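Working notes, beginning with the structure itself.
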Amino acid sequence: MNNFVYVLITPARNEEAFIDFTLQSMVRQTTLPARWVIVNDGSTDGTSDKVRPYLSDHPWIKLIELPRRKERHFAAKVNAFNIGREAVKDIDYAFICNLDSDVSLDPDHFEFLLNEFAKDPGLGVAGTVFREHDGYNSAEHSFEGQNHVSGQCQLFRRECYEEIGGYKPNKAGGIDWMAVIHARMIGWRTRSFREKSFFHHRKLGTAERGQIASSFAYGVKDYHMGGHPVWEMFRVARRMTKSPYIVGGAALGLGFLSAIIRRPERPVSNELMAFHRKEQMEKLRGILTSVISFKRVDPFQTTK
């Protein structure tokens, strides 16, 4: 196996407005993938029309078309990813990446990540922090911390991806989160690096829905993923203190509460849920310790 060969898979649905940013970013990479499979996941817009002009000049880009469909959900995204993975099985790759189709990357993005993998044989999943148009920076505004790898660009060591059994389909979302937590639970290190970042062009979680509906859905997803109620209270309270996110914070809490009342079946194992809650409580203790001792809280370093 070539130690630095990587492949990309991009499930893309209705990304006509953004996918050109991603295409331009990839053709400029200093270290190109052996293959990039873009799976048009039932788009009803001109997503494929944006991709086709790149195919002749960049033979390492492959486009797969799936039938059109009205519904958008994350279980279908896993299906599209798996179809893309079938299209790279003839390649002796060492790394596999899920890359969303609404991001802009620095030209050396993948060169940087591959160098980090070379330094740490125990690193199973890696990525970088990201920014958005409204000034959001995941290193500063999220308490997921440096151990979380954002789903918009997750680069896996092949052995790690195979050991966790790949992405698990779940209509409510959280497929990227489950993969990273599972990797950590079985002993792999996972890491986001803030020395580099990428730009996310669509507001996080708002694909085909508004910001309030997105916040409500995140609350439901937090329940699905087995989040600790105490951590969720902290998350809601913090968001409600940050204008203009007051309404979004309330919607987040209502989503979590609605799920508690309905008690839908969770897609995660009891073992994974316990591991996740333990990590959340460790983060919360670290945050409260810093607050009590009047130290600055660095959201990115609430996890070690």
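Here, A, B, ... name the chains of the structure tokens in the order displayed, residue numbers run from 1 inside each chain, and ligands are numbered from 1 in the same displayed order.
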Sel. of alpha helix (DSSP H) residues, stretch 129-299 of chain A, as a PyMOL selection string: chain A and resi 138-141+158-163+175-185+211-224+229-240+246-262+270-292
Just the residues within 6 Å of stretch 8-16 of chain A, please, counting only C-alpha atoms, with nothing from its chain fewer than 4 positions along; format it as a ChimeraX atom specification. /A:36-41,43,45-47,80-81,84,96-101
Write a file of the just-selected residues containing C-alpha atoms, as an mmCIF file, in the first residue's frame.
data_model
loop_
_atom_site.group_PDB
_atom_site.id
_atom_site.type_symbol
_atom_site.label_atom_id
_atom_site.label_comp_id
_atom_site.auth_asym_id
_atom_site.auth_seq_id
_atom_site.Cartn_x
_atom_site.Cartn_y
_atom_site.Cartn_z
ATOM 1 C CA TRP A 36 -12.080 11.840 -6.558
ATOM 2 C CA VAL A 37 -15.535 10.338 -6.919
ATOM 3 C CA ILE A 38 -18.381 12.845 -6.937
ATOM 4 C CA VAL A 39 -21.712 11.089 -6.458
ATOM 5 C CA ASN A 40 -24.601 13.247 -7.638
ATOM 6 C CA ASP A 41 -27.105 12.103 -5.033
ATOM 7 C CA SER A 43 -29.969 16.419 -7.314
ATOM 8 C CA ASP A 45 -30.605 21.301 -9.878
ATOM 9 C CA GLY A 46 -27.570 21.702 -12.119
ATOM 10 C CA THR A 47 -24.973 20.107 -9.829
ATOM 11 C CA ALA A 80 -23.989 7.630 -1.861
ATOM 12 C CA PHE A 81 -20.656 7.483 -0.032
ATOM 13 C CA GLY A 84 -18.370 6.111 -4.275
ATOM 14 C CA ILE A 96 -10.052 7.917 2.373
ATOM 15 C CA CYS A 97 -11.850 11.229 2.763
ATOM 16 C CA ASN A 98 -15.429 12.395 2.874
ATOM 17 C CA LEU A 99 -15.405 15.869 1.319
ATOM 18 C CA ASP A 100 -18.526 18.004 1.189
ATOM 19 C CA SER A 101 -19.308 20.006 -1.948
#
Counting only C-alpha atoms, which residues of stretch 136-212 of chain A sit at most 12 Å from some atom of stretch 279-301 of chain A, and what is each one's closest atom pair with its distance in Å to one decimal, listed by chain and rising residue number, as a Markdown table?
| residue | atom | partner | partner_atom | distance |
| --- | --- | --- | --- | --- |
| A:Asn137 | CA | A:Phe300 | CA | 10.5 |
| A:Ser138 | CA | A:Phe300 | CA | 8.1 |
| A:Ala139 | CA | A:Phe300 | CA | 5.2 |
| A:Glu140 | CA | A:Pro299 | CA | 6.1 |
| A:His141 | CA | A:Pro299 | CA | 7.1 |
| A:Ser142 | CA | A:Pro299 | CA | 6.3 |
| A:Phe143 | CA | A:Pro299 | CA | 4.8 |
| A:Glu144 | CA | A:Phe300 | CA | 7.2 |
| A:Gly145 | CA | A:Phe300 | CA | 4.1 |
| A:Gln146 | CA | A:Phe300 | CA | 5.3 |
| A:Asn147 | CA | A:Phe300 | CA | 8.6 |
| A:His148 | CA | A:Phe300 | CA | 9.5 |
| A:Val149 | CA | A:Phe300 | CA | 11.6 |
| A:Ile181 | CA | A:Glu279 | CA | 9.8 |
| A:Arg184 | CA | A:Glu279 | CA | 10.7 |
| A:Met185 | CA | A:Glu279 | CA | 10.4 |
| A:Arg191 | CA | A:Phe300 | CA | 10.8 |
| A:Ser192 | CA | A:Phe300 | CA | 9.2 |
| A:Phe193 | CA | A:Phe300 | CA | 9.7 |
| A:Arg194 | CA | A:Phe300 | CA | 8.7 |
Mind checking which residues fall within 9 Å of stretch 219-235 of chain A, counting only C-alpha atoms, ignoring those fewer than 3 positions away in the same chain, and posting them as a ChimeraX atom specification? /A:143,172-174,177-178,214-216,238-240,249,251-260,263-268,270,272-274,276-278,280-281,284
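Here atom CA of A:Asn115 is placed at a distance of 26.8 Å from atom CA of A:Tyr136.
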